[in-house]
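First the structure, in the form of structure tokens, and then the observations on it.
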Amino acid sequence: MLTRHSAFIGIDLSDPFAKRKRPCTRATIGTNLNCIFDDWEYDLSGNQIVPDGIPSTQFVLAIDGSQGLAGNPECAMRLCERELGTAGKSPYSFPPIGKPYAGFVQGSVKLFYSLSKSHQFRLYELKKDKLDTNLIEVYPGASWPVIAGHRLPKKRLLAGRRSRYEALLKNGIKFAPEYTTEVPPTHDQLDAAIAAYTAYLFTIGKTTAYGQSPFEDGRLHILREGLIVQPVHI
């Protein structure tokens, strides 16, 4: 199946509230499945989150980060997070900065809301009667076992990076010559790459979604709930 999109972008978000801030890792995959890595400096407006030269109608952006907070005051996490067992949890209210994942969740939720308000982005299932979706949420932690067909070593281990790199190669992803089994991409780059690959699979109908459709909390200027897009066994 062919797709009219020409670029599939994956963002491995970093914590914008961290004491030692670092750029977000970005992977861009074309229809030829060549993968290019670079960095994106977190910007709440989403400025330059899509690489230069990519037409606004020809990309799908996949972000590894929470698009919203929980939809019920009694819930400590979103439905999609419960279903997939995500590491980070998004409760009904933002946890105080300094607690685990608090800065990451806040930065991610606010970014998604900003993007959803932009004419350039159309978040999956937020506006069902609008143009084609080009913004999705992904969770690499649950995606890796699907494309590999089995559980993998921890991503920070060399064995974990190698196994993830090899899983992407087996699925047709191509990398620059500097990357090899002996010197695979970093775990952040690999998470960005599988995010971009999931964006590609989304456009050809080889994904499923967990959770419930997002909805806006206009009082707090955020989204709540949302769907995590996952690859299906190919």
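The way I read the labels, and the way they are meant: chains A, B, ... in the order of the structure tokens, residue 1 as the first residue of every chain, and ligand 1 as the first ligand shown, with later ones counted on from there.
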
Next item on the list: Please give the complete set of residues from range 15-188 of chain A that DSSP, run on the backbone, assigns to alpha helix (DSSP H), formatted as a VMD selection string.
Entry: chain A and resid 79 to 84 102 to 116 140 to 148 158 to 170 187 to 188

Which residues of range 64-92 of chain A sit at most 12 Å from range 209-222 of chain A, using only C-alpha atoms? Give each one's shortest atom pair and distance in Å (one decimal place), in chain and ascending residue order, as a Markdown table.
| residue | atom | partner | partner_atom | distance |
| --- | --- | --- | --- | --- |
| A:Ser66 | CA | A:Pro214 | CA | 11.1 |
| A:Gln67 | CA | A:Pro214 | CA | 8.2 |
| A:Gly68 | CA | A:Ile222 | CA | 6.6 |
| A:Leu69 | CA | A:Ile222 | CA | 7.8 |
| A:Ala70 | CA | A:Pro214 | CA | 9.8 |
| A:Gly71 | CA | A:Phe215 | CA | 8.5 |
| A:Asn72 | CA | A:Asp217 | CA | 11.6 |
| A:Met77 | CA | A:Gly211 | CA | 10.9 |
| A:Arg78 | CA | A:Gly211 | CA | 7.4 |
| A:Leu79 | CA | A:Gly211 | CA | 4.9 |
| A:Cys80 | CA | A:Gly211 | CA | 3.8 |
| A:Glu81 | CA | A:Gly211 | CA | 7.6 |
| A:Arg82 | CA | A:Gly211 | CA | 8.4 |
| A:Glu83 | CA | A:Tyr210 | CA | 6.9 |
| A:Leu84 | CA | A:Tyr210 | CA | 7.6 |
| A:Gly85 | CA | A:Tyr210 | CA | 11.1 |
| A:Thr86 | CA | A:Tyr210 | CA | 11.6 |
| A:Tyr92 | CA | A:Ile222 | CA | 11.0 |

Checklist line | Non-local contacts of range 160-175 of chain A (8 Å; only C-alpha atoms; under 4 positions in same chain excluded) as number ranges by chain | finding: A: 33-36, 144, 147-148, 152-156, 179, 181-182, 184-187, 190, 194

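Minimum atom-to-atom distance to Asp38 in chain A, evaluated using only C-alpha atoms, belongs to A:Ala193 out of A:Gln106, A:Ala193, A:Leu135, A:Gly226.
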
Check: Mind checking DSSP for range 1-219 of chain A and telling me the strand (DSSP E) residues as a PyMOL selection string?
Finding: chain A and resi 7-12+24-30+35-40+59-64+135-138+207-217
